[in-house]
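Peer 1: Sharing work-v7.txt here; it has compact mmCIF, C-alpha atoms.
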# COMPACT_ATOMS: atom_id res chain seq x y z
CA MET L 1 -1.84 11.37 31.60
CA ALA L 2 -5.08 13.16 32.62
CA ILE L 3 -7.60 13.25 29.79
CA LYS L 4 -9.34 16.17 31.50
CA GLY L 5 -6.11 18.14 31.44
CA PHE L 6 -5.62 17.33 27.78
CA ARG L 7 -9.13 18.49 26.85
CA SER L 8 -8.66 21.82 28.61
CA ALA L 9 -5.10 22.38 27.36
CA GLY L 10 -5.80 23.18 23.72
CA HIS L 11 -8.55 23.89 21.20
CA LEU L 12 -10.65 20.76 20.58
CA PRO L 13 -12.48 22.04 17.44
CA SER L 14 -9.14 22.73 15.75
CA LEU L 15 -7.89 19.27 16.71
CA ILE L 16 -11.02 17.69 15.21
CA ALA L 17 -10.66 19.89 12.12
CA ALA L 18 -7.05 18.73 11.72
CA LEU L 19 -8.20 15.11 12.08
CA VAL L 20 -10.94 15.28 9.43
CA HIS L 21 -8.73 17.32 7.07
CA PHE L 22 -6.06 14.66 7.26
CA ASP L 23 -8.64 11.86 7.06
CA VAL L 24 -10.32 12.97 3.82
CA SER L 25 -6.98 13.99 2.33
CA PHE L 26 -5.47 10.62 3.11
CA MET L 27 -8.52 8.88 1.65
CA VAL L 28 -8.02 10.76 -1.61
CA TRP L 29 -4.24 10.35 -1.55
CA VAL L 30 -4.40 6.54 -1.57
CA LEU L 31 -7.32 6.34 -4.00
CA VAL L 32 -5.14 5.13 -6.87
CA GLY L 33 -3.87 2.28 -4.68
CA ALA L 34 -7.39 1.37 -3.58
CA LEU L 35 -8.49 1.23 -7.23
CA SER L 36 -5.20 -0.22 -8.51
CA VAL L 37 -6.50 -3.69 -9.41
CA TYR L 38 -9.34 -2.16 -11.45
CA ILE L 39 -7.08 0.33 -13.22
CA ALA L 40 -4.43 -2.35 -13.86
CA GLU L 41 -7.01 -4.71 -15.36
CA ASP L 42 -8.49 -1.97 -17.53
CA LEU L 43 -5.11 -0.76 -18.83
CA GLN L 44 -3.42 -4.20 -18.91
CA LEU L 45 -0.45 -3.16 -16.77
CA SER L 46 2.68 -5.18 -16.00
CA SER L 47 3.92 -5.87 -12.46
CA ALA L 48 6.45 -3.03 -12.66
CA GLN L 49 3.85 -0.62 -14.06
CA LYS L 50 1.47 -1.48 -11.21
CA GLY L 51 4.17 -0.80 -8.64
CA LEU L 52 5.05 2.55 -10.22
CA MET L 53 1.39 3.56 -10.44
CA VAL L 54 0.88 2.99 -6.70
CA ALA L 55 4.25 4.62 -5.89
CA VAL L 56 3.65 7.94 -7.69
CA PRO L 57 1.07 9.50 -5.28
CA PRO L 58 3.44 9.21 -2.27
CA LEU L 59 6.19 10.78 -4.39
CA GLY L 60 3.83 13.63 -5.28
CA GLY L 61 3.09 14.05 -1.59
CA SER L 62 6.81 14.43 -0.91
CA LEU L 63 7.20 17.16 -3.50
CA PHE L 64 4.16 19.17 -2.43
CA ARG L 65 4.95 18.93 1.29
CA LEU L 66 8.20 20.78 0.69
CA VAL L 67 6.07 23.74 -0.39
CA VAL L 68 3.07 23.34 1.91
CA GLY L 69 5.10 22.96 5.14
CA PRO L 70 6.89 26.33 4.95
CA LEU L 71 3.69 27.91 3.58
CA ALA L 72 1.81 26.80 6.73
CA ASP L 73 4.49 28.57 8.81
CA ARG L 74 4.09 31.78 6.81
CA ILE L 75 0.35 32.22 6.18
CA GLY L 76 -1.09 29.85 8.79
CA ALA L 77 -2.29 26.27 8.83
CA LYS L 78 -5.95 27.14 8.32
CA ARG L 79 -5.41 29.19 5.16
CA THR L 80 -2.98 26.63 3.78
CA GLY L 81 -5.32 23.75 4.56
CA THR L 82 -8.17 25.46 2.71
CA LEU L 83 -6.01 25.96 -0.38
CA VAL L 84 -4.90 22.32 -0.31
CA LEU L 85 -8.47 21.00 -0.28
CA LEU L 86 -9.44 23.28 -3.16
CA ALA L 87 -6.44 22.14 -5.20
CA VAL L 88 -7.17 18.45 -4.57
CA LEU L 89 -10.40 18.79 -6.55
CA VAL L 90 -8.36 19.19 -9.77
CA PRO L 91 -6.96 15.62 -10.02
CA LEU L 92 -10.26 14.18 -8.79
CA VAL L 93 -12.16 15.84 -11.62
CA TRP L 94 -9.42 14.78 -14.06
CA GLY L 95 -9.75 11.14 -12.97
CA TRP L 96 -13.53 11.39 -13.20
CA GLN L 97 -13.76 12.95 -16.66
CA ALA L 98 -10.63 11.53 -18.33
CA GLY L 99 -7.64 9.48 -17.15
CA GLY L 100 -7.98 6.82 -19.84
CA THR L 101 -4.25 6.14 -20.36
CA TYR L 102 -1.39 4.99 -18.13
CA VAL L 103 0.40 8.32 -18.51
CA GLN L 104 -2.73 10.20 -17.45
CA VAL L 105 -3.15 7.92 -14.42
CA LEU L 106 0.44 8.71 -13.41
CA GLY L 107 -0.32 12.43 -13.78
CA ILE L 108 -3.45 12.11 -11.65
CA GLY L 109 -1.49 10.20 -9.03
CA LEU L 110 1.22 12.87 -8.96
CA LEU L 111 -1.32 15.66 -8.42
CA LEU L 112 -3.07 13.61 -5.74
CA GLY L 113 0.15 14.21 -3.84
CA LEU L 114 -1.51 17.53 -2.99
CA ALA L 115 -3.70 15.56 -0.62
CA GLY L 116 -0.62 13.99 0.92
CA SER L 117 0.66 17.47 1.74
CA SER L 118 -2.20 17.75 4.26
CA PHE L 119 0.30 16.25 6.66
CA ALA L 120 2.10 19.60 6.79
CA VAL L 121 -1.20 21.32 7.64
CA ALA L 122 -2.96 19.02 10.10
CA LEU L 123 -0.01 18.27 12.37
CA PRO L 124 1.21 21.85 12.89
CA LEU L 125 -2.39 22.97 13.50
CA ALA L 126 -2.77 20.34 16.22
CA SER L 127 0.73 20.69 17.67
CA ARG L 128 0.68 24.46 18.18
CA TRP L 129 -2.49 24.27 20.27
CA TYR L 130 -1.03 21.91 22.90
CA PRO L 131 1.83 22.11 25.44
CA SER L 132 4.84 19.81 25.28
CA GLN L 133 3.47 17.13 27.65
CA TYR L 134 0.55 16.48 25.28
CA GLN L 135 2.41 16.66 21.96
CA GLY L 136 2.50 12.92 21.34
CA LEU L 137 -1.20 12.43 22.03
CA ALA L 138 -2.35 15.53 20.11
CA LEU L 139 -0.24 14.66 17.07
CA GLY L 140 -1.29 11.03 17.33
CA ILE L 141 -4.97 11.99 17.26
CA ALA L 142 -4.52 14.35 14.31
CA GLY L 143 -2.33 11.81 12.54
CA ALA L 144 -4.99 9.12 13.01
CA GLY L 145 -6.56 10.74 9.97
CA ASN L 146 -4.55 8.18 8.04
CA SER L 147 -7.64 6.08 8.76
CA GLY L 148 -8.75 7.52 5.43
CA THR L 149 -6.82 4.54 4.07
CA ILE L 150 -9.44 2.24 5.57
CA VAL L 151 -12.29 4.22 4.02
CA ALA L 152 -10.63 4.15 0.59
CA SER L 153 -9.77 0.45 0.81
CA LEU L 154 -13.29 -0.56 1.82
CA ALA L 155 -15.44 1.86 -0.17
CA ALA L 156 -13.55 2.47 -3.42
CA PRO L 157 -13.57 -1.13 -4.77
CA ARG L 158 -17.24 -1.64 -3.91
CA LEU L 159 -18.18 1.65 -5.58
CA ALA L 160 -16.04 0.75 -8.59
CA GLU L 161 -18.12 -2.40 -9.03
CA GLN L 162 -21.17 -0.12 -9.46
CA VAL L 163 -19.95 3.05 -11.17
CA GLY L 164 -16.50 2.12 -12.51
CA TRP L 165 -13.19 3.41 -11.28
CA HIS L 166 -13.61 6.75 -13.08
CA GLY L 167 -16.90 7.31 -11.25
CA VAL L 168 -15.22 6.78 -7.88
CA PHE L 169 -13.00 9.80 -8.51
CA GLY L 170 -16.13 11.88 -9.13
CA LEU L 171 -17.83 10.64 -5.95
CA ALA L 172 -14.68 11.47 -3.95
CA THR L 173 -15.25 15.17 -4.61
CA LEU L 174 -18.29 15.10 -2.28
CA PRO L 175 -16.48 14.33 1.01
CA VAL L 176 -13.71 16.76 0.04
CA LEU L 177 -16.23 19.59 -0.38
CA THR L 178 -17.94 18.66 2.90
CA VAL L 179 -14.68 18.72 4.86
CA LEU L 180 -13.68 21.97 3.17
CA LEU L 181 -16.79 23.60 4.66
CA PHE L 182 -16.28 22.05 8.12
CA PHE L 183 -12.59 22.95 8.22
CA GLY L 184 -13.38 26.57 7.42
CA LEU L 185 -15.88 26.74 10.29
CA ALA L 186 -14.07 24.73 12.98
CA ALA L 187 -10.35 25.37 12.54
CA LYS L 188 -8.75 28.31 14.32
CA GLU L 189 -5.21 29.56 13.97
CA PRO L 190 -3.16 28.86 17.12
CA PRO L 191 -2.62 31.82 19.47
CA ARG L 192 1.14 31.36 19.36
CA PRO L 193 2.27 31.45 15.72
CA ALA L 194 5.41 29.61 14.75
CA ALA L 195 8.59 31.62 14.53
CA GLU L 196 9.29 32.55 10.93
CA ALA L 197 11.60 29.96 9.42
CA ARG L 198 14.19 31.71 7.30
CA ARG L 199 16.44 28.72 6.81
CA SER L 200 16.21 26.84 3.58
CA LEU L 201 15.32 23.17 3.46
CA ARG L 202 18.87 22.48 2.32
CA ARG L 203 20.22 24.07 5.51
CA LEU L 204 17.75 22.04 7.57
CA LEU L 205 19.07 18.89 5.95
CA ASN L 206 22.58 19.90 6.98
CA GLU L 207 21.47 19.29 10.58
CA SER L 208 22.01 15.68 11.63
CA ASP L 209 18.83 15.56 13.73
CA ALA L 210 16.75 16.50 10.71
CA ARG L 211 18.36 13.84 8.56
CA TRP L 212 17.82 11.12 11.15
CA LEU L 213 14.18 12.07 11.69
CA CYS L 214 13.71 11.91 7.93
CA LEU L 215 15.22 8.44 7.81
CA PHE L 216 13.05 7.16 10.65
CA TYR L 217 9.90 8.48 9.01
CA LEU L 218 10.96 7.19 5.61
CA VAL L 219 10.75 3.69 7.11
CA THR L 220 7.64 4.05 9.30
CA PHE L 221 5.33 6.28 7.27
CA GLY L 222 6.81 5.22 3.95
CA GLY L 223 6.17 1.63 4.94
CA PHE L 224 2.60 2.38 6.00
CA VAL L 225 1.45 4.39 2.99
CA GLY L 226 3.43 2.34 0.48
CA MET L 227 2.25 -1.01 1.78
CA SER L 228 -1.35 0.18 2.22
CA GLY L 229 -1.52 1.20 -1.42
CA TYR L 230 0.15 -1.96 -2.70
CA LEU L 231 -1.76 -4.53 -0.61
CA PRO L 232 -4.68 -5.01 -3.05
CA ILE L 233 -2.19 -5.85 -5.81
CA LEU L 234 -0.23 -8.17 -3.52
CA PHE L 235 -3.32 -10.11 -2.46
CA VAL L 236 -4.63 -10.41 -6.02
CA ASP L 237 -1.31 -11.27 -7.67
CA ARG L 238 -0.05 -13.66 -5.01
CA PHE L 239 -3.24 -15.36 -3.80
CA ALA L 240 -5.56 -14.76 -6.80
CA LEU L 241 -8.22 -13.29 -4.50
CA PRO L 242 -11.31 -11.54 -5.88
CA LYS L 243 -10.86 -7.76 -6.01
CA VAL L 244 -13.37 -6.93 -3.26
CA ALA L 245 -11.99 -9.65 -0.95
CA ALA L 246 -8.45 -8.33 -1.49
CA ALA L 247 -9.68 -4.84 -0.61
CA GLY L 248 -11.20 -6.16 2.62
CA TYR L 249 -7.93 -7.73 3.73
CA ALA L 250 -6.08 -4.55 2.77
CA ALA L 251 -8.49 -2.46 4.88
CA LEU L 252 -8.01 -4.78 7.86
CA CYS L 253 -4.24 -4.36 7.69
CA ALA L 254 -4.47 -0.59 7.18
CA ALA L 255 -6.79 -0.29 10.20
CA ALA L 256 -4.02 -1.55 12.48
CA GLY L 257 -1.66 1.21 11.36
CA SER L 258 -4.29 3.93 11.58
CA LEU L 259 -5.69 3.01 14.97
CA LEU L 260 -2.31 2.48 16.59
CA ARG L 261 -0.80 5.80 15.55
CA PRO L 262 -2.29 7.69 18.56
CA VAL L 263 -1.10 4.82 20.76
CA GLY L 264 2.40 5.34 19.43
CA GLY L 265 2.24 9.03 20.32
CA ALA L 266 0.94 8.33 23.82
CA LEU L 267 3.58 5.64 24.41
CA ALA L 268 6.26 8.07 23.24
CA ASP L 269 4.97 10.70 25.69
CA ARG L 270 5.29 8.19 28.52
CA PHE L 271 8.42 6.20 27.67
CA GLY L 272 10.21 8.44 25.17
CA GLY L 273 10.08 8.46 21.39
CA THR L 274 13.53 6.92 20.97
CA ARG L 275 12.72 3.92 23.15
CA VAL L 276 9.48 3.25 21.34
CA LEU L 277 11.13 3.55 17.93
CA SER L 278 13.93 1.13 18.84
CA VAL L 279 11.34 -1.56 19.62
CA VAL L 280 9.32 -0.69 16.51
CA PHE L 281 12.26 -1.01 14.11
CA ILE L 282 13.29 -4.37 15.54
CA ALA L 283 9.71 -5.58 15.17
CA ILE L 284 9.50 -4.37 11.55
CA THR L 285 12.75 -6.13 10.70
CA SER L 286 11.55 -9.41 12.16
CA ILE L 287 8.13 -9.27 10.48
CA ALA L 288 9.60 -8.36 7.09
CA VAL L 289 11.94 -11.36 7.24
CA ALA L 290 9.01 -13.61 8.14
CA LEU L 291 6.98 -12.26 5.19
CA ALA L 292 9.94 -12.92 2.89
CA THR L 293 9.40 -16.65 3.49
CA LEU L 294 6.04 -16.25 1.65
CA PRO L 295 3.75 -17.87 4.24
CA PRO L 296 0.15 -18.93 3.39
CA LEU L 297 -2.74 -16.45 3.31
CA GLY L 298 -3.76 -16.62 6.98
CA ALA L 299 -0.22 -16.14 8.26
CA THR L 300 0.45 -13.42 5.69
CA VAL L 301 -2.60 -11.43 6.78
CA THR L 302 -1.62 -11.79 10.45
CA LEU L 303 1.93 -10.67 9.77
CA LEU L 304 0.77 -7.72 7.66
CA VAL L 305 -1.61 -6.58 10.40
CA CYS L 306 1.33 -6.64 12.82
CA LEU L 307 3.59 -4.91 10.29
CA LEU L 308 1.23 -2.02 9.61
CA GLY L 309 0.46 -1.76 13.32
CA ALA L 310 4.20 -1.34 13.98
CA PHE L 311 4.37 1.29 11.24
CA GLY L 312 1.49 3.16 12.91
CA ILE L 313 3.11 3.14 16.35
CA GLY L 314 6.37 4.29 14.79
CA ASN L 315 4.63 7.17 12.99
CA GLY L 316 3.22 8.46 16.28
CA ALA L 317 6.60 8.14 17.99
CA VAL L 318 8.51 10.03 15.28
CA PHE L 319 6.15 12.98 15.51
CA GLN L 320 6.45 13.08 19.25
CA LEU L 321 10.14 13.82 18.62
CA VAL L 322 9.72 16.45 15.88
CA PRO L 323 8.28 19.28 18.06
CA GLN L 324 10.81 18.47 20.79
CA ARG L 325 13.79 18.88 18.50
CA TYR L 326 12.35 21.75 16.39
CA PRO L 327 9.74 23.62 18.48
CA THR L 328 9.92 26.84 16.44
CA ARG L 329 10.03 25.22 12.99
CA ILE L 330 7.31 22.62 13.24
CA GLY L 331 5.73 23.46 9.89
CA ALA L 332 8.98 23.33 7.92
CA MET L 333 10.15 20.17 9.69
CA THR L 334 6.75 18.53 9.26
CA GLY L 335 7.00 19.20 5.55
CA LEU L 336 10.57 17.93 5.35
CA VAL L 337 10.05 14.79 7.45
CA GLY L 338 6.73 14.15 5.76
CA ALA L 339 8.45 14.43 2.39
CA ALA L 340 10.90 11.75 3.46
CA GLY L 341 7.96 9.56 4.43
CA GLY L 342 6.49 10.09 0.98
CA VAL L 343 9.78 9.03 -0.60
CA GLY L 344 9.58 5.83 1.42
CA GLY L 345 6.01 5.40 0.23
CA PHE L 346 7.33 5.61 -3.34
CA LEU L 347 10.28 3.28 -2.88
CA LEU L 348 8.49 0.37 -1.20
CA PRO L 349 5.72 -0.36 -3.75
CA PHE L 350 8.09 0.38 -6.61
CA ALA L 351 10.60 -2.10 -5.19
CA LEU L 352 7.94 -4.74 -4.57
CA GLY L 353 6.53 -4.38 -8.08
CA PHE L 354 9.86 -4.13 -9.90
CA LEU L 355 11.57 -6.95 -8.01
CA ASN L 356 8.52 -9.17 -8.35
CA GLY L 357 8.53 -8.52 -12.09
CA VAL L 358 12.22 -9.37 -12.37
CA THR L 359 12.39 -12.37 -10.03
CA GLY L 360 8.79 -13.60 -10.00
CA SER L 361 8.72 -13.38 -6.19
CA PHE L 362 7.88 -10.87 -3.46
CA THR L 363 10.72 -12.18 -1.27
CA PRO L 364 13.41 -9.68 -2.40
CA GLY L 365 11.10 -6.71 -1.74
CA PHE L 366 10.40 -7.80 1.83
CA LEU L 367 14.10 -8.42 2.45
CA VAL L 368 14.88 -4.87 1.29
CA LEU L 369 12.27 -3.57 3.76
CA GLY L 370 13.85 -5.64 6.56
CA ALA L 371 17.31 -4.26 5.78
CA ALA L 372 16.02 -0.67 5.84
CA ALA L 373 14.34 -1.21 9.21
CA ALA L 374 17.47 -2.83 10.65
CA SER L 375 19.52 0.20 9.58
CA ALA L 376 16.99 2.50 11.23
CA ALA L 377 17.19 0.43 14.44
CA VAL L 378 20.94 1.00 14.62
CA GLY L 379 20.41 4.70 13.93
CA ILE L 380 17.82 5.25 16.66
CA VAL L 381 20.01 3.55 19.28
CA ASN L 382 22.88 5.91 18.39
CA ARG L 383 20.58 8.96 18.45
CA GLN L 384 19.14 7.90 21.79
CA ARG L 385 22.58 7.94 23.39
CA LEU L 386 23.45 11.30 21.86
CA TRP L 387 20.16 13.01 22.75
CA ARG L 388 20.17 11.59 26.28
CA ALA L 389 23.65 13.02 26.88
CA GLU L 390 22.50 16.35 25.47
CA TRP L 391 19.39 16.49 27.69
CA GLN L 392 21.45 15.58 30.76
CA LEU L 393 23.87 18.40 29.97
CA GLU L 394 21.01 20.89 29.57
CA ALA L 395 19.47 19.75 32.87
CA ALA L 396 22.78 20.20 34.66
CA VAL L 397 23.06 23.79 33.36
Translate the structure described by the file into structure tokens.
Peer 2:
Amino acid sequence: MAIKGFRSAGHLPSLIAALVHFDVSFMVWVLVGALSVYIAEDLQLSSAQKGLMVAVPPLGGSLFRLVVGPLADRIGAKRTGTLVLLAVLVPLVWGWQAGGTYVQVLGIGLLLGLAGSSFAVALPLASRWYPSQYQGLALGIAGAGNSGTIVASLAAPRLAEQVGWHGVFGLATLPVLTVLLFFGLAAKEPPRPAAEARRSLRRLLNESDARWLCLFYLVTFGGFVGMSGYLPILFVDRFALPKVAAAGYAALCAAAGSLLRPVGGALADRFGGTRVLSVVFIAITSIAVALATLPPLGATVTLLVCLLGAFGIGNGAVFQLVPQRYPTRIGAMTGLVGAAGGVGGFLLPFALGFLNGVTGSFTPGFLVLGAAAASAAVGIVNRQRLWRAEWQLEAAV
């Protein structure tokens, strides 16, 4: 793939704007997870309560994406993205000035799902500027904004040591306001607007392709965001690490998923999204089973780096497939598939926390993850055969 051709094919300022929008939004979205050990200690939370606290922001992201995705199709990604950043300031100020009870923390986490809906803004903005041969790379670059996880994991605990976890929410308003200004100046609506999507989300879900894409993203993105948010708790509860040290390990693992997402998109452009995903799901299954044996710290960190790296590659591959299957409904499908990813991000930390509370071990949670990935592996192989036959038929016509 010629980088020169890629640079001249679309609108680079809009691609950068999509990247930073997603980056700061993702940073804010996972803030509760990054601060989870501080909040849990302050509020004296149980294992199940900790899991639910980390799981709620991804669930909020799922709910808001169902609104933001179609809205981006109707009024444009730039206008929608501006509204999202303005709305995100509400839960940040709430966490800064109040948020002293568990119920309030859950409410803040739910509203932080607004930041998670950035997915339905950044990816359509990037996708509609680039032709089909560059979709995987363009969406991978924009989607690399999930590197905001690294920023949150590294910075939030260290800032909490100085200003408390409430103060971190207040400080987070500063990068949001900065990106709001940059996004307004740099982003430009694509010259070819998406066709108006009149079908309801329910009718989209009646299409088998949409359901399968949702399932694949539920495993890959759900695994990435859910595990990223839960890692500080896992390292503290299982290995009794200091909070800042646990955050450092969590950031290392999250970096693998963030940095490898563009690689996943580029690999999907070259070898096909279905091929890449089949390898990814087999890898996730194997790693999850290995983690279920509860290896020592060094091996656990190595396996988690590999696991989140596989999630990242899978995320890029899924969104190489979305614009191919739904070229005129990218916004709506991005919202729908992204919502499924958010559901996965809710289920994984909730399962890890709940099952650990019931059994006293993280083994059952990792086995559940392995079973989900194995099911997705079977599904992608079946889809690959079906789609290949369909493409061959279209080529023959």
Peer 1: Find the spatial neighbours of Pro57 of chain L, counting only C-alpha atoms, within a cut-off of 8 Å - ignore same-chain residues fewer than 6 positions away - and output them as a tab-separated table (two decimals) with C-alpha atoms, in the coordinates of the input.
Peer 2:
chain	number	residue	atom	x	y	z
L	29	TRP	CA	-4.24	10.35	-1.55
L	30	VAL	CA	-4.40	6.54	-1.57
L	32	VAL	CA	-5.14	5.13	-6.87
L	109	GLY	CA	-1.49	10.20	-9.03
L	110	LEU	CA	1.22	12.87	-8.96
L	111	LEU	CA	-1.32	15.66	-8.42
L	112	LEU	CA	-3.07	13.61	-5.74
L	113	GLY	CA	0.15	14.21	-3.84
L	116	GLY	CA	-0.62	13.99	0.92
L	346	PHE	CA	7.33	5.61	-3.34
Peer 1: Give me the residues within 12 Å of Gln49 of chain L as a PDB file with C-alpha atoms, keeping the file's coordinate frame, counting all atoms listed in the file and dropping any in the same chain fewer than 6 places off.
Peer 2:
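Final output, saved to selection.pdb:
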ATOM      1  CA  SER L  36      -5.200  -0.220  -8.510  1.00  0.00           C
ATOM      2  CA  VAL L  37      -6.500  -3.690  -9.410  1.00  0.00           C
ATOM      3  CA  ILE L  39      -7.080   0.330 -13.220  1.00  0.00           C
ATOM      4  CA  ALA L  40      -4.430  -2.350 -13.860  1.00  0.00           C
ATOM      5  CA  GLU L  41      -7.010  -4.710 -15.360  1.00  0.00           C
ATOM      6  CA  LEU L  43      -5.110  -0.760 -18.830  1.00  0.00           C
ATOM      7  CA  ALA L  55       4.250   4.620  -5.890  1.00  0.00           C
ATOM      8  CA  VAL L  56       3.650   7.940  -7.690  1.00  0.00           C
ATOM      9  CA  TYR L 102      -1.390   4.990 -18.130  1.00  0.00           C
ATOM     10  CA  VAL L 103       0.400   8.320 -18.510  1.00  0.00           C
ATOM     11  CA  VAL L 105      -3.150   7.920 -14.420  1.00  0.00           C
ATOM     12  CA  LEU L 106       0.440   8.710 -13.410  1.00  0.00           C
ATOM     13  CA  ILE L 233      -2.190  -5.850  -5.810  1.00  0.00           C
ATOM     14  CA  PRO L 349       5.720  -0.360  -3.750  1.00  0.00           C
ATOM     15  CA  PHE L 350       8.090   0.380  -6.610  1.00  0.00           C
ATOM     16  CA  ALA L 351      10.600  -2.100  -5.190  1.00  0.00           C
ATOM     17  CA  LEU L 352       7.940  -4.740  -4.570  1.00  0.00           C
ATOM     18  CA  GLY L 353       6.530  -4.380  -8.080  1.00  0.00           C
ATOM     19  CA  PHE L 354       9.860  -4.130  -9.900  1.00  0.00           C
ATOM     20  CA  LEU L 355      11.570  -6.950  -8.010  1.00  0.00           C
ATOM     21  CA  ASN L 356       8.520  -9.170  -8.350  1.00  0.00           C
ATOM     22  CA  GLY L 357       8.530  -8.520 -12.090  1.00  0.00           C
TER      23      GLY L 357
END
Peer 1: With all atoms listed in the file as the atoms that count, which of L:Pro364, L:Gly81, L:Gly342, L:Gly309 lies nearest to Leu66 of chain L?
Peer 2: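 The shortest atom-to-atom distance to Leu66 of chain L comes from L:Gly342.
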Peer 1: Pick the closest to Val179 of chain L from L:Gly345, L:Leu86, L:Ala340, L:Leu386: which is it, counting all atoms listed in the file?
Peer 2: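 Closest candidate: L:Leu86.
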Peer 1: Residues at most 9 Å from Ile141 of chain L, counting all atoms listed in the file, excluding those fewer than 5 positions away in the same chain, as a list in words?
Peer 2: Leu15, Ile16, Ala18, Leu19, Ala126, Gly136, Arg261, Pro262, Val263, Gly265 and Gly316 of chain L
Peer 1: Which neighbours of Gly272 of chain L fall inside 12 Å, counting all atoms listed in the file, when residues of the same chain fewer than 2 positions from it are skipped, and could you give them as a list of chain:residue names?
Peer 2: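 So the residues in contact are L:Gln133, L:Gln135, L:Gly136, L:Gly264, L:Gly265, L:Ala266, L:Leu267, L:Ala268, L:Asp269, L:Arg270, L:Thr274, L:Arg275, L:Val276, L:Leu277, L:Ser278, L:Val279, L:Gly314, L:Gly316, L:Ala317, L:Val318, L:Phe319, L:Gln320, L:Leu321, L:Gln324, L:Ile380, L:Gln384, L:Trp387, L:Arg388.
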Peer 1: Identify which of the residues L:Leu241, L:Leu89, L:Leu336, L:Ala372 lies closest to Ala288 of chain L, counting only C-alpha atoms when measuring atom-to-atom distances.
Peer 2: L:Ala372
Peer 1: For a quick check of understanding, using all atoms listed in the file, which of L:Ser25, L:Thr82, L:Ser228, L:Thr359 has the smallest distance to Gly61 of chain L?
Peer 2: L:Ser25
Peer 1: Would you list the contacts of Leu218 of chain L as a count of residues only, taking every protein, DNA or RNA residue within 12 Å and counting only C-alpha atoms, but skipping same-chain residues closer than 4 positions in sequence?
Peer 2: 35
Peer 1: Using all atoms listed in the file, which residue out of L:Val244, L:Asp73, L:Val368, L:Leu260 lies closest to Leu159 of chain L?
Peer 2: L:Val244
Peer 1: At what distance in Å, to one decimal, does atom CA of Pro124 of chain L lie from atom CA of Phe271 of chain L?
Peer 2: 22.7 Å
Peer 1: Take atom CA of Ala115 of chain L and atom CA of Ala210 of chain L and report the distance between them in Å, one decimal.
Peer 2: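 Atom-to-atom, atom CA of Ala115 of chain L and atom CA of Ala210 of chain L are spaced 23.4 Å apart.
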Peer 1: When distances are computed from all atoms listed in the file, which of L:Ala254, L:Leu185, L:Phe362, L:Ser208 shows the smallest separation from Phe239 of chain L?
Peer 2: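 Using all atoms listed in the file, the shortest distance to Phe239 of chain L belongs to L:Phe362.
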Peer 1: For atom CA of Cys253 of chain L and atom CA of Cys306 of chain L, quote the distance in Å rounded to one decimal.
Peer 2: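 Those two atoms sit 7.9 Å apart.
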Peer 1: Around all of segment 292-301 of chain L's listed atoms, make the axis-aligned box with 8 Å on each side and tell me centre and edge lengths in Å to one decimal, as AutoDock Vina command-line options.
Peer 2:
--center_x 3.1 --center_y -15.2 --center_z 5.0 --size_x 29.7 --size_y 23.5 --size_z 22.6
Peer 1: Since the input has fewer atoms than a full residue there, write segment 289-299 of chain L out with N, CA and C atoms, as a CSV table (one decimal), keeping the file's coordinate frame.
Peer 2:
chain,number,residue,atom,x,y,z
L,289,VAL,N,11.2,-10.1,7.5
L,289,VAL,CA,11.9,-11.4,7.2
L,289,VAL,C,11.0,-12.5,7.2
L,290,ALA,N,10.0,-12.5,8.1
L,290,ALA,CA,9.0,-13.6,8.1
L,290,ALA,C,8.2,-13.6,6.9
L,291,LEU,N,7.8,-12.4,6.4
L,291,LEU,CA,7.0,-12.3,5.2
L,291,LEU,C,7.8,-12.7,4.0
L,292,ALA,N,9.1,-12.5,4.0
L,292,ALA,CA,9.9,-12.9,2.9
L,292,ALA,C,9.9,-14.4,2.7
L,293,THR,N,9.5,-15.2,3.7
L,293,THR,CA,9.4,-16.6,3.5
L,293,THR,C,8.1,-17.0,2.7
L,294,LEU,N,7.3,-16.0,2.4
L,294,LEU,CA,6.0,-16.2,1.6
L,294,LEU,C,5.1,-17.3,2.3
L,295,PRO,N,4.7,-17.0,3.5
L,295,PRO,CA,3.8,-17.9,4.2
L,295,PRO,C,2.4,-17.9,3.6
L,296,PRO,N,1.5,-18.9,4.0
L,296,PRO,CA,0.2,-18.9,3.4
L,296,PRO,C,-0.7,-17.7,3.8
L,297,LEU,N,-1.9,-17.6,3.2
L,297,LEU,CA,-2.7,-16.4,3.3
L,297,LEU,C,-3.0,-16.0,4.8
L,298,GLY,N,-3.4,-17.0,5.6
L,298,GLY,CA,-3.8,-16.6,7.0
L,298,GLY,C,-2.6,-16.0,7.7
L,299,ALA,N,-1.4,-16.7,7.6
L,299,ALA,CA,-0.2,-16.1,8.3
L,299,ALA,C,0.2,-14.8,7.7
